[in-house]
file target-v1.cif (mmCIF, N, CA and C atoms and all ligand atoms)
data_protein
#
loop_
_atom_site.label_atom_id
_atom_site.label_comp_id
_atom_site.auth_asym_id
_atom_site.auth_seq_id
_atom_site.Cartn_x
_atom_site.Cartn_y
_atom_site.Cartn_z
N MET A 1 -40.10 -25.84 -6.33
CA MET A 1 -39.10 -25.35 -7.31
C MET A 1 -38.43 -24.09 -6.78
N PRO A 2 -37.27 -24.25 -6.16
CA PRO A 2 -36.60 -23.09 -5.56
C PRO A 2 -36.20 -22.04 -6.59
N GLU A 3 -35.83 -22.51 -7.81
CA GLU A 3 -35.35 -21.54 -8.81
C GLU A 3 -36.47 -20.57 -9.22
N ALA A 4 -37.68 -21.16 -9.33
CA ALA A 4 -38.81 -20.32 -9.74
C ALA A 4 -39.04 -19.20 -8.72
N GLY A 5 -38.95 -19.61 -7.41
CA GLY A 5 -39.13 -18.61 -6.36
C GLY A 5 -38.07 -17.54 -6.44
N GLU A 6 -36.87 -17.99 -6.75
CA GLU A 6 -35.76 -17.05 -6.82
C GLU A 6 -35.97 -16.04 -7.94
N SER A 7 -36.41 -16.56 -9.08
CA SER A 7 -36.56 -15.65 -10.21
C SER A 7 -37.72 -14.69 -9.98
N LYS A 8 -38.71 -15.19 -9.22
CA LYS A 8 -39.83 -14.31 -8.88
C LYS A 8 -39.32 -13.15 -8.00
N LEU A 9 -38.47 -13.54 -7.04
CA LEU A 9 -37.88 -12.54 -6.15
C LEU A 9 -37.07 -11.52 -6.94
N LYS A 10 -36.31 -12.06 -7.91
CA LYS A 10 -35.48 -11.18 -8.73
C LYS A 10 -36.35 -10.19 -9.50
N LYS A 11 -37.48 -10.74 -10.00
CA LYS A 11 -38.40 -9.90 -10.77
C LYS A 11 -38.93 -8.76 -9.88
N ILE A 12 -39.34 -9.17 -8.65
CA ILE A 12 -39.86 -8.17 -7.71
C ILE A 12 -38.79 -7.11 -7.41
N LEU A 13 -37.57 -7.64 -7.16
CA LEU A 13 -36.48 -6.72 -6.83
C LEU A 13 -36.20 -5.76 -7.98
N SER A 14 -36.29 -6.27 -9.20
CA SER A 14 -35.98 -5.39 -10.34
C SER A 14 -37.08 -4.35 -10.50
N ILE A 15 -38.32 -4.74 -10.18
CA ILE A 15 -39.42 -3.76 -10.24
C ILE A 15 -39.22 -2.68 -9.18
N VAL A 16 -38.88 -3.16 -7.96
CA VAL A 16 -38.63 -2.21 -6.87
C VAL A 16 -37.49 -1.28 -7.24
N GLY A 17 -36.44 -1.88 -7.81
CA GLY A 17 -35.29 -1.09 -8.21
C GLY A 17 -35.67 -0.06 -9.25
N ALA A 18 -36.46 -0.48 -10.22
CA ALA A 18 -36.86 0.43 -11.29
C ALA A 18 -37.72 1.56 -10.75
N SER A 19 -38.64 1.23 -9.83
CA SER A 19 -39.48 2.31 -9.32
C SER A 19 -38.70 3.25 -8.43
N ALA A 20 -37.71 2.67 -7.73
CA ALA A 20 -36.87 3.54 -6.91
C ALA A 20 -36.10 4.50 -7.80
N ALA A 21 -35.61 3.97 -8.91
CA ALA A 21 -34.87 4.81 -9.85
C ALA A 21 -35.77 5.90 -10.40
N LEU A 22 -37.01 5.51 -10.71
CA LEU A 22 -37.98 6.48 -11.23
C LEU A 22 -38.25 7.57 -10.20
N LEU A 23 -38.39 7.14 -8.96
CA LEU A 23 -38.67 8.08 -7.87
C LEU A 23 -37.52 9.08 -7.74
N VAL A 24 -36.30 8.56 -7.78
CA VAL A 24 -35.13 9.43 -7.68
C VAL A 24 -35.13 10.42 -8.84
N LEU A 25 -35.42 9.89 -10.01
CA LEU A 25 -35.46 10.74 -11.20
C LEU A 25 -36.51 11.84 -11.03
N ALA A 26 -37.69 11.42 -10.52
CA ALA A 26 -38.77 12.39 -10.32
C ALA A 26 -38.34 13.48 -9.35
N ILE A 27 -37.66 13.08 -8.27
CA ILE A 27 -37.21 14.05 -7.27
C ILE A 27 -36.19 15.01 -7.89
N VAL A 28 -35.28 14.44 -8.68
CA VAL A 28 -34.25 15.28 -9.31
C VAL A 28 -34.91 16.29 -10.24
N VAL A 29 -35.88 15.82 -11.03
CA VAL A 29 -36.56 16.71 -11.97
C VAL A 29 -37.33 17.79 -11.21
N LEU A 30 -38.03 17.38 -10.15
CA LEU A 30 -38.80 18.33 -9.34
C LEU A 30 -37.89 19.40 -8.74
N ARG A 31 -36.78 18.94 -8.20
CA ARG A 31 -35.83 19.86 -7.58
C ARG A 31 -35.34 20.88 -8.59
N ALA A 32 -35.08 20.40 -9.79
CA ALA A 32 -34.50 21.27 -10.81
C ALA A 32 -35.53 22.25 -11.37
N THR A 33 -36.81 21.90 -11.22
CA THR A 33 -37.83 22.76 -11.82
C THR A 33 -38.69 23.45 -10.79
N LEU A 34 -39.73 22.76 -10.32
CA LEU A 34 -40.73 23.36 -9.44
C LEU A 34 -40.16 23.85 -8.11
N LEU A 35 -39.37 22.98 -7.49
CA LEU A 35 -38.95 23.29 -6.12
C LEU A 35 -37.81 24.29 -6.06
N ALA A 36 -37.21 24.59 -7.17
CA ALA A 36 -36.06 25.49 -7.12
C ALA A 36 -36.13 26.61 -8.12
N PRO A 37 -37.10 27.51 -7.95
CA PRO A 37 -37.05 28.69 -8.80
C PRO A 37 -35.76 29.45 -8.47
N PRO A 38 -35.13 30.06 -9.46
CA PRO A 38 -33.76 30.55 -9.35
C PRO A 38 -33.34 31.15 -8.02
N ASP A 39 -34.10 32.15 -7.53
CA ASP A 39 -33.58 32.87 -6.37
C ASP A 39 -34.34 32.63 -5.07
N ALA A 40 -35.21 31.63 -5.07
CA ALA A 40 -36.05 31.43 -3.90
C ALA A 40 -35.23 31.22 -2.63
N GLY A 41 -34.25 30.35 -2.72
CA GLY A 41 -33.41 30.07 -1.56
C GLY A 41 -32.68 31.32 -1.12
N ASP A 42 -32.23 32.05 -2.11
CA ASP A 42 -31.51 33.27 -1.86
C ASP A 42 -32.37 34.29 -1.13
N LEU A 43 -33.59 34.45 -1.64
CA LEU A 43 -34.49 35.45 -1.08
C LEU A 43 -34.81 35.18 0.38
N SER A 44 -35.08 33.91 0.69
CA SER A 44 -35.46 33.58 2.05
C SER A 44 -34.28 33.73 3.00
N ARG A 45 -33.09 33.86 2.46
CA ARG A 45 -31.93 34.00 3.33
C ARG A 45 -31.46 35.45 3.42
N ARG A 46 -32.27 36.36 2.89
CA ARG A 46 -31.88 37.77 2.96
C ARG A 46 -32.44 38.43 4.21
N ARG A 47 -31.59 39.16 4.91
CA ARG A 47 -32.01 39.84 6.12
C ARG A 47 -31.39 41.23 6.14
N THR A 48 -31.99 42.08 6.94
CA THR A 48 -31.33 43.35 7.22
C THR A 48 -30.53 43.14 8.49
N VAL A 49 -29.25 43.35 8.39
CA VAL A 49 -28.38 43.09 9.54
C VAL A 49 -27.67 44.37 9.95
N ILE A 50 -27.24 44.39 11.20
CA ILE A 50 -26.53 45.55 11.73
C ILE A 50 -25.18 45.10 12.25
N ASP A 51 -24.15 45.89 11.94
CA ASP A 51 -22.82 45.59 12.45
C ASP A 51 -22.74 46.14 13.87
N THR A 52 -22.49 45.24 14.83
CA THR A 52 -22.49 45.66 16.23
C THR A 52 -21.34 46.60 16.55
N LYS A 53 -20.29 46.58 15.73
CA LYS A 53 -19.13 47.42 16.00
C LYS A 53 -19.26 48.78 15.34
N THR A 54 -19.62 48.76 14.06
CA THR A 54 -19.61 50.01 13.30
C THR A 54 -21.00 50.64 13.22
N GLY A 55 -22.04 49.87 13.54
CA GLY A 55 -23.39 50.39 13.45
C GLY A 55 -23.93 50.41 12.03
N GLU A 56 -23.13 49.90 11.10
CA GLU A 56 -23.55 49.88 9.69
C GLU A 56 -24.75 48.96 9.51
N ILE A 57 -25.71 49.45 8.71
CA ILE A 57 -26.89 48.64 8.41
C ILE A 57 -26.74 48.09 7.00
N ILE A 58 -26.82 46.78 6.87
CA ILE A 58 -26.72 46.17 5.54
C ILE A 58 -28.06 45.54 5.21
N ARG A 59 -28.70 46.07 4.17
CA ARG A 59 -29.98 45.50 3.72
C ARG A 59 -29.72 44.35 2.78
N ASP A 60 -30.67 43.41 2.74
CA ASP A 60 -30.58 42.29 1.81
C ASP A 60 -29.28 41.50 1.96
N PHE A 61 -28.81 41.41 3.18
CA PHE A 61 -27.62 40.61 3.42
C PHE A 61 -27.99 39.14 3.26
N VAL A 62 -27.25 38.42 2.44
CA VAL A 62 -27.55 37.01 2.23
C VAL A 62 -26.84 36.19 3.30
N ILE A 63 -27.65 35.52 4.11
CA ILE A 63 -27.10 34.72 5.20
C ILE A 63 -26.40 33.50 4.59
N PRO A 64 -25.13 33.32 4.89
CA PRO A 64 -24.44 32.13 4.36
C PRO A 64 -25.11 30.86 4.88
N GLU A 65 -25.15 29.86 4.04
CA GLU A 65 -25.81 28.61 4.43
C GLU A 65 -25.10 27.98 5.63
N ASP A 66 -25.87 27.29 6.46
CA ASP A 66 -25.34 26.60 7.64
C ASP A 66 -24.50 27.51 8.52
N SER A 67 -24.93 28.75 8.67
CA SER A 67 -24.17 29.65 9.52
C SER A 67 -25.05 30.12 10.66
N THR A 68 -24.42 30.57 11.72
CA THR A 68 -25.18 31.09 12.85
C THR A 68 -24.74 32.52 13.13
N MET A 69 -25.62 33.26 13.80
CA MET A 69 -25.27 34.62 14.18
C MET A 69 -24.17 34.60 15.22
N PRO A 70 -23.31 35.59 15.33
CA PRO A 70 -23.19 36.71 14.39
C PRO A 70 -22.51 36.29 13.08
N TRP A 71 -22.93 36.94 12.01
CA TRP A 71 -22.36 36.63 10.71
C TRP A 71 -21.16 37.53 10.43
N THR A 72 -20.35 37.10 9.48
CA THR A 72 -19.14 37.84 9.15
C THR A 72 -19.45 39.01 8.23
N ASN A 73 -19.00 40.18 8.61
CA ASN A 73 -19.14 41.34 7.76
C ASN A 73 -18.10 41.24 6.66
N PRO A 74 -18.55 41.17 5.39
CA PRO A 74 -17.58 41.00 4.30
C PRO A 74 -16.60 42.16 4.20
N LYS A 75 -16.99 43.32 4.73
CA LYS A 75 -16.10 44.49 4.64
C LYS A 75 -14.97 44.42 5.66
N THR A 76 -15.30 43.95 6.86
CA THR A 76 -14.28 43.96 7.91
C THR A 76 -13.71 42.58 8.19
N GLY A 77 -14.43 41.55 7.73
CA GLY A 77 -13.98 40.19 7.98
C GLY A 77 -14.25 39.75 9.42
N GLU A 78 -14.98 40.58 10.16
CA GLU A 78 -15.26 40.25 11.56
C GLU A 78 -16.68 39.74 11.74
N LYS A 79 -16.85 38.86 12.72
CA LYS A 79 -18.18 38.30 12.98
C LYS A 79 -18.96 39.26 13.86
N THR A 80 -19.49 40.29 13.25
CA THR A 80 -20.16 41.33 14.03
C THR A 80 -21.55 41.65 13.51
N LEU A 81 -22.07 40.83 12.58
CA LEU A 81 -23.37 41.15 12.00
C LEU A 81 -24.49 40.41 12.73
N ILE A 82 -25.48 41.19 13.17
CA ILE A 82 -26.62 40.64 13.88
C ILE A 82 -27.89 41.12 13.21
N GLN A 83 -28.88 40.26 13.18
CA GLN A 83 -30.14 40.65 12.54
C GLN A 83 -30.76 41.84 13.24
N GLY A 84 -31.19 42.81 12.44
CA GLY A 84 -31.83 43.98 13.00
C GLY A 84 -33.33 43.78 13.11
N GLU A 85 -33.92 44.37 14.11
CA GLU A 85 -35.38 44.30 14.29
C GLU A 85 -35.97 45.59 13.74
N ALA A 86 -37.01 45.45 12.93
CA ALA A 86 -37.57 46.64 12.28
C ALA A 86 -38.63 47.29 13.16
N CYS A 87 -38.53 48.62 13.32
CA CYS A 87 -39.55 49.37 14.04
C CYS A 87 -40.20 50.35 13.08
N TYR A 88 -41.51 50.23 12.93
CA TYR A 88 -42.24 51.04 11.95
C TYR A 88 -43.01 52.18 12.61
N TRP A 89 -42.65 52.53 13.85
CA TRP A 89 -43.37 53.60 14.54
C TRP A 89 -42.64 54.92 14.41
N THR A 90 -43.41 56.00 14.43
CA THR A 90 -42.77 57.32 14.49
C THR A 90 -42.94 57.85 15.91
N LYS A 91 -42.21 58.93 16.19
CA LYS A 91 -42.24 59.51 17.53
C LYS A 91 -43.66 59.90 17.94
N ASP A 92 -44.45 60.43 16.98
CA ASP A 92 -45.79 60.91 17.32
C ASP A 92 -46.86 59.82 17.19
N GLY A 93 -46.45 58.55 17.28
CA GLY A 93 -47.44 57.47 17.33
C GLY A 93 -48.05 57.09 16.00
N LYS A 94 -47.41 57.48 14.91
CA LYS A 94 -47.88 57.07 13.60
C LYS A 94 -46.97 55.97 13.05
N ALA A 95 -47.41 55.42 11.93
CA ALA A 95 -46.58 54.38 11.30
C ALA A 95 -45.72 55.01 10.21
N LYS A 96 -44.61 54.38 9.91
CA LYS A 96 -43.79 54.83 8.78
C LYS A 96 -43.47 53.62 7.91
N LEU A 97 -43.17 53.90 6.66
CA LEU A 97 -42.95 52.80 5.72
C LEU A 97 -41.50 52.35 5.71
N GLU A 98 -40.60 53.28 6.02
CA GLU A 98 -39.19 52.93 6.09
C GLU A 98 -38.83 52.71 7.55
N PRO A 99 -38.61 51.47 7.94
CA PRO A 99 -38.42 51.21 9.38
C PRO A 99 -37.05 51.67 9.89
N THR A 100 -36.99 51.83 11.19
CA THR A 100 -35.71 52.00 11.85
C THR A 100 -35.25 50.61 12.27
N TYR A 101 -34.02 50.26 11.93
CA TYR A 101 -33.53 48.94 12.33
C TYR A 101 -32.79 49.05 13.65
N VAL A 102 -33.18 48.19 14.57
CA VAL A 102 -32.68 48.28 15.93
C VAL A 102 -32.00 46.98 16.33
N LEU A 103 -30.90 47.11 17.05
CA LEU A 103 -30.23 45.92 17.59
C LEU A 103 -30.87 45.58 18.93
N LEU A 104 -31.34 44.36 19.07
CA LEU A 104 -31.96 43.97 20.33
C LEU A 104 -30.90 43.77 21.41
N ASN A 105 -31.19 44.27 22.60
CA ASN A 105 -30.25 44.10 23.71
C ASN A 105 -29.95 42.62 23.97
N GLU A 106 -31.01 41.80 23.86
CA GLU A 106 -30.81 40.38 24.15
C GLU A 106 -29.85 39.73 23.16
N MET A 107 -29.73 40.32 21.97
CA MET A 107 -28.82 39.79 20.97
C MET A 107 -27.38 40.20 21.25
N THR A 108 -27.24 41.37 21.88
CA THR A 108 -25.89 41.88 22.09
C THR A 108 -25.43 41.70 23.53
N GLY A 109 -26.26 41.04 24.34
CA GLY A 109 -25.87 40.74 25.71
C GLY A 109 -26.08 41.89 26.67
N LYS A 110 -26.82 42.92 26.23
CA LYS A 110 -27.10 44.03 27.15
C LYS A 110 -28.36 43.71 27.95
N PRO A 111 -28.42 44.18 29.20
CA PRO A 111 -29.61 43.91 30.02
C PRO A 111 -30.75 44.86 29.67
N GLY A 112 -31.94 44.47 30.05
CA GLY A 112 -33.10 45.35 29.93
C GLY A 112 -33.71 45.36 28.55
N PRO A 113 -34.89 46.00 28.46
CA PRO A 113 -35.60 46.05 27.19
C PRO A 113 -34.88 46.95 26.18
N THR A 114 -35.12 46.69 24.90
CA THR A 114 -34.51 47.49 23.84
C THR A 114 -35.43 48.66 23.49
N ILE A 115 -34.89 49.85 23.53
CA ILE A 115 -35.69 51.03 23.20
C ILE A 115 -35.27 51.53 21.81
N CYS A 116 -36.27 51.77 20.97
CA CYS A 116 -35.98 52.30 19.64
C CYS A 116 -35.44 53.72 19.76
N PRO A 117 -34.27 53.99 19.16
CA PRO A 117 -33.68 55.33 19.28
C PRO A 117 -34.51 56.39 18.56
N ASP A 118 -35.35 55.96 17.64
CA ASP A 118 -36.13 56.92 16.87
C ASP A 118 -37.43 57.31 17.56
N CYS A 119 -38.22 56.31 17.96
CA CYS A 119 -39.55 56.61 18.50
C CYS A 119 -39.65 56.40 20.01
N GLY A 120 -38.66 55.78 20.61
CA GLY A 120 -38.67 55.58 22.05
C GLY A 120 -39.52 54.42 22.52
N ARG A 121 -40.05 53.63 21.59
CA ARG A 121 -40.85 52.48 21.99
C ARG A 121 -39.96 51.27 22.24
N THR A 122 -40.52 50.31 22.98
CA THR A 122 -39.78 49.08 23.23
C THR A 122 -39.84 48.21 21.98
N VAL A 123 -38.70 47.68 21.59
CA VAL A 123 -38.62 46.81 20.42
C VAL A 123 -38.33 45.39 20.90
N VAL A 124 -39.10 44.44 20.37
CA VAL A 124 -38.92 43.04 20.76
C VAL A 124 -38.60 42.19 19.53
N ALA A 125 -38.19 40.95 19.78
CA ALA A 125 -37.93 40.03 18.67
C ALA A 125 -39.21 39.84 17.87
N HIS A 126 -39.12 39.77 16.58
CA HIS A 126 -40.28 39.70 15.67
C HIS A 126 -41.22 40.86 15.99
N ASN A 127 -40.62 42.02 16.07
CA ASN A 127 -41.34 43.23 16.44
C ASN A 127 -42.63 43.39 15.65
N PRO A 128 -43.77 43.54 16.35
CA PRO A 128 -45.05 43.64 15.63
C PRO A 128 -45.17 44.95 14.85
N LEU A 129 -45.89 44.91 13.76
CA LEU A 129 -46.13 46.09 12.94
C LEU A 129 -47.18 46.97 13.62
N PRO A 130 -47.18 48.26 13.32
CA PRO A 130 -48.29 49.10 13.78
C PRO A 130 -49.59 48.60 13.15
N PRO A 131 -50.74 48.99 13.72
CA PRO A 131 -52.03 48.53 13.15
C PRO A 131 -52.15 48.88 11.67
N ALA A 132 -52.93 48.09 10.95
CA ALA A 132 -53.05 48.23 9.49
C ALA A 132 -53.51 49.64 9.09
N ASP A 133 -54.44 50.23 9.87
CA ASP A 133 -54.94 51.55 9.46
C ASP A 133 -53.85 52.62 9.54
N LEU A 134 -52.95 52.46 10.52
CA LEU A 134 -51.84 53.41 10.61
C LEU A 134 -50.88 53.24 9.43
N LEU A 135 -50.68 52.00 9.03
CA LEU A 135 -49.79 51.73 7.90
C LEU A 135 -50.40 52.28 6.61
N ARG A 136 -51.74 52.11 6.50
CA ARG A 136 -52.44 52.64 5.31
C ARG A 136 -52.29 54.16 5.25
N GLU A 137 -52.44 54.78 6.42
CA GLU A 137 -52.30 56.23 6.53
C GLU A 137 -50.90 56.67 6.07
N ALA A 138 -49.90 55.93 6.53
CA ALA A 138 -48.52 56.26 6.18
C ALA A 138 -48.32 56.12 4.67
N LYS A 139 -48.95 55.09 4.10
CA LYS A 139 -48.81 54.85 2.67
C LYS A 139 -49.47 56.00 1.89
N LYS A 140 -50.65 56.38 2.36
CA LYS A 140 -51.37 57.48 1.71
C LYS A 140 -50.55 58.75 1.77
N ALA A 141 -50.00 59.03 2.96
CA ALA A 141 -49.21 60.24 3.15
C ALA A 141 -48.01 60.24 2.21
N ALA A 142 -47.40 59.06 2.03
CA ALA A 142 -46.23 58.96 1.16
C ALA A 142 -46.62 59.18 -0.29
N GLU A 143 -47.81 58.69 -0.65
CA GLU A 143 -48.27 58.83 -2.04
C GLU A 143 -48.63 60.27 -2.38
N ASN A 144 -49.11 61.01 -1.36
CA ASN A 144 -49.54 62.39 -1.59
C ASN A 144 -48.39 63.38 -1.59
N LYS A 145 -47.20 62.88 -1.26
CA LYS A 145 -46.05 63.78 -1.19
C LYS A 145 -45.65 64.29 -2.57
ZN ZN B 1 -39.15 53.08 16.51
#

call {"tool": "encode", "arguments": {"input": "target-v1.cif", "output": "structure tokens", "more": "lines below"}}
Ligand SMILES: [Zn+2]
result
Amino acid sequence: MPEAGESKLKKILSIVGASAALLVLAIVVLRATLLAPPDAGDLSRRRTVIDTKTGEIIRDFVIPEDSTMPWTNPKTGEKTLIQGEACYWTKDGKAKLEPTYVLLNEMTGKPGPTICPDCGRTVVAHNPLPPADLLREAKKAAENK
């Protein structure tokens, strides 16, 4: 009985279709609720950037979606914004809580290692933090001020 087979197939297809629709619905609901707390996407796209021309430091700069460095400075309209590398060292070998933001030479096409203008240490991409005890000390010092 070919018709019976056909209707069975239709039944299966309608079940598959219904579950696919349910799945899509579930994804839409998830996206709208759990997966998308209001500013999460925004937060992860915030960086401290430095204008290579003016030296201006912009904190919490929101990286435009699907964009690559250098980013456009909204003030000048020029593509001169590069991510700054944070250096938490002080000149006397202690840690500080407010970092100095440094432009990496490799980002700006300059040769050689990048030296922090504040502490004189070499700054690298994903610049490591000072040891935890130094940071704790800096925090304590700031609290006692
Ligand atoms: Zn430094």

call {"tool": "residues_near_ligand", "arguments": {"input": "target-v1.cif", "ligand": "ligand ZN 1 (chain B)", "cutoff": "6.5 Å", "atoms": "only N, CA and C atoms and all ligand atoms", "output": "PyMOL selection string"}}
result
chain A and resi 87-90+100+116-121

call {"tool": "write_last_selection", "arguments": {"input": "target-v1.cif", "atoms": "N, CA and C atoms", "output": "tab-separated table (two decimals), in the frame of the given file"}}
result
chain	number	residue	atom	x	y	z
A	87	CYS	N	-38.53	48.62	13.32
A	87	CYS	CA	-39.55	49.37	14.04
A	87	CYS	C	-40.20	50.35	13.08
A	88	TYR	N	-41.51	50.23	12.93
A	88	TYR	CA	-42.24	51.04	11.95
A	88	TYR	C	-43.01	52.18	12.61
A	89	TRP	N	-42.65	52.53	13.85
A	89	TRP	CA	-43.37	53.60	14.54
A	89	TRP	C	-42.64	54.92	14.41
A	90	THR	N	-43.41	56.00	14.43
A	90	THR	CA	-42.77	57.32	14.49
A	90	THR	C	-42.94	57.85	15.91
A	100	THR	N	-36.99	51.83	11.19
A	100	THR	CA	-35.71	52.00	11.85
A	100	THR	C	-35.25	50.61	12.27
A	116	CYS	N	-36.27	51.77	20.97
A	116	CYS	CA	-35.98	52.30	19.64
A	116	CYS	C	-35.44	53.72	19.76
A	117	PRO	N	-34.27	53.99	19.16
A	117	PRO	CA	-33.68	55.33	19.28
A	117	PRO	C	-34.51	56.39	18.56
A	118	ASP	N	-35.35	55.96	17.64
A	118	ASP	CA	-36.13	56.92	16.87
A	118	ASP	C	-37.43	57.31	17.56
A	119	CYS	N	-38.22	56.31	17.96
A	119	CYS	CA	-39.55	56.61	18.50
A	119	CYS	C	-39.65	56.40	20.01
A	120	GLY	N	-38.66	55.78	20.61
A	120	GLY	CA	-38.67	55.58	22.05
A	120	GLY	C	-39.52	54.42	22.52
A	121	ARG	N	-40.05	53.63	21.59
A	121	ARG	CA	-40.85	52.48	21.99
A	121	ARG	C	-39.96	51.27	22.24

call {"tool": "closest_residue", "arguments": {"input": "target-v1.cif", "among": "A:Asn105, A:Thr114, A:Val124, A:Phe61", "to": "A:Pro74", "atoms": "only C-alpha atoms"}}
result
A:Phe61

call {"tool": "atom_distance", "arguments": {"input": "target-v1.cif", "atom1": "atom CA of A:Leu103", "atom2": "atom CA of A:Ile50"}}
result
6.9 Å

call {"tool": "residues_near_point", "arguments": {"input": "target-v1.cif", "point": "(-33.7, 45.6, 16.2)", "cutoff": "6.5 Å", "atoms": "all atoms listed in the file", "output": "PDB file with N, CA and C atoms, in the frame of the given file"}}
result
ATOM      1  N   GLN A  83     -28.880  40.260  13.180  1.00  0.00           N
ATOM      2  CA  GLN A  83     -30.140  40.650  12.540  1.00  0.00           C
ATOM      3  C   GLN A  83     -30.760  41.840  13.240  1.00  0.00           C
ATOM      4  N   GLY A  84     -31.190  42.810  12.440  1.00  0.00           N
ATOM      5  CA  GLY A  84     -31.830  43.980  13.000  1.00  0.00           C
ATOM      6  C   GLY A  84     -33.330  43.780  13.110  1.00  0.00           C
ATOM      7  N   GLU A  85     -33.920  44.370  14.110  1.00  0.00           N
ATOM      8  CA  GLU A  85     -35.380  44.300  14.290  1.00  0.00           C
ATOM      9  C   GLU A  85     -35.970  45.590  13.740  1.00  0.00           C
ATOM     10  N   ALA A  86     -37.010  45.450  12.930  1.00  0.00           N
ATOM     11  CA  ALA A  86     -37.570  46.640  12.280  1.00  0.00           C
ATOM     12  C   ALA A  86     -38.630  47.290  13.160  1.00  0.00           C
ATOM     13  N   CYS A  87     -38.530  48.620  13.320  1.00  0.00           N
ATOM     14  CA  CYS A  87     -39.550  49.370  14.040  1.00  0.00           C
ATOM     15  C   CYS A  87     -40.200  50.350  13.080  1.00  0.00           C
ATOM     16  N   TYR A 101     -34.020  50.260  11.930  1.00  0.00           N
ATOM     17  CA  TYR A 101     -33.530  48.940  12.330  1.00  0.00           C
ATOM     18  C   TYR A 101     -32.790  49.050  13.650  1.00  0.00           C
ATOM     19  N   VAL A 102     -33.180  48.190  14.570  1.00  0.00           N
ATOM     20  CA  VAL A 102     -32.680  48.280  15.930  1.00  0.00           C
ATOM     21  C   VAL A 102     -32.000  46.980  16.330  1.00  0.00           C
ATOM     22  N   LEU A 103     -30.900  47.110  17.050  1.00  0.00           N
ATOM     23  CA  LEU A 103     -30.230  45.920  17.590  1.00  0.00           C
ATOM     24  C   LEU A 103     -30.870  45.580  18.930  1.00  0.00           C
ATOM     25  N   LEU A 104     -31.340  44.360  19.070  1.00  0.00           N
ATOM     26  CA  LEU A 104     -31.960  43.970  20.330  1.00  0.00           C
ATOM     27  C   LEU A 104     -30.900  43.770  21.410  1.00  0.00           C
TER      28      LEU A 104
END

call {"tool": "atom_distance", "arguments": {"input": "target-v1.cif", "atom1": "atom CA of A:Val123", "atom2": "atom CA of A:Ile82"}}
result
15.0 Å

call {"tool": "closest_residue", "arguments": {"input": "target-v1.cif", "among": "A:Ile115, A:Ile58, A:Ala138, A:Ala132", "to": "A:Ala95", "atoms": "all atoms listed in the file"}}
result
A:Ala138

call {"tool": "build_atoms", "arguments": {"input": "target-v1.cif", "residues": "stretch 84-88 of chain A", "atoms": "all heavy atoms", "output": "short mmCIF file (atom, residue, chain, number, x, y, z; two decimals), keeping the file's coordinate frame"}}
result
data_model
loop_
_atom_site.label_atom_id
_atom_site.label_comp_id
_atom_site.auth_asym_id
_atom_site.auth_seq_id
_atom_site.Cartn_x
_atom_site.Cartn_y
_atom_site.Cartn_z
N GLY A 84 -31.19 42.81 12.44
CA GLY A 84 -31.83 43.98 13.00
C GLY A 84 -33.33 43.78 13.11
O GLY A 84 -33.93 43.08 12.31
N GLU A 85 -33.92 44.37 14.11
CA GLU A 85 -35.38 44.30 14.29
C GLU A 85 -35.97 45.59 13.74
O GLU A 85 -35.47 46.67 14.03
CB GLU A 85 -35.65 44.13 15.78
CG GLU A 85 -36.78 43.23 16.19
CD GLU A 85 -36.92 41.95 15.38
OE1 GLU A 85 -36.15 41.01 15.60
OE2 GLU A 85 -37.85 41.89 14.56
N ALA A 86 -37.01 45.45 12.93
CA ALA A 86 -37.57 46.64 12.28
C ALA A 86 -38.63 47.29 13.16
O ALA A 86 -39.51 46.62 13.69
CB ALA A 86 -38.18 46.25 10.94
N CYS A 87 -38.53 48.62 13.32
CA CYS A 87 -39.55 49.37 14.04
C CYS A 87 -40.20 50.35 13.08
O CYS A 87 -39.53 51.18 12.49
CB CYS A 87 -38.92 50.11 15.23
SG CYS A 87 -40.12 51.15 16.08
N TYR A 88 -41.51 50.23 12.93
CA TYR A 88 -42.24 51.04 11.95
C TYR A 88 -43.01 52.18 12.61
O TYR A 88 -43.95 52.69 12.04
CB TYR A 88 -43.20 50.16 11.16
CG TYR A 88 -42.52 49.28 10.14
CD1 TYR A 88 -42.03 48.04 10.50
CD2 TYR A 88 -42.36 49.69 8.82
CE1 TYR A 88 -41.41 47.21 9.57
CE2 TYR A 88 -41.75 48.88 7.89
CZ TYR A 88 -41.27 47.64 8.27
OH TYR A 88 -40.66 46.83 7.36
#
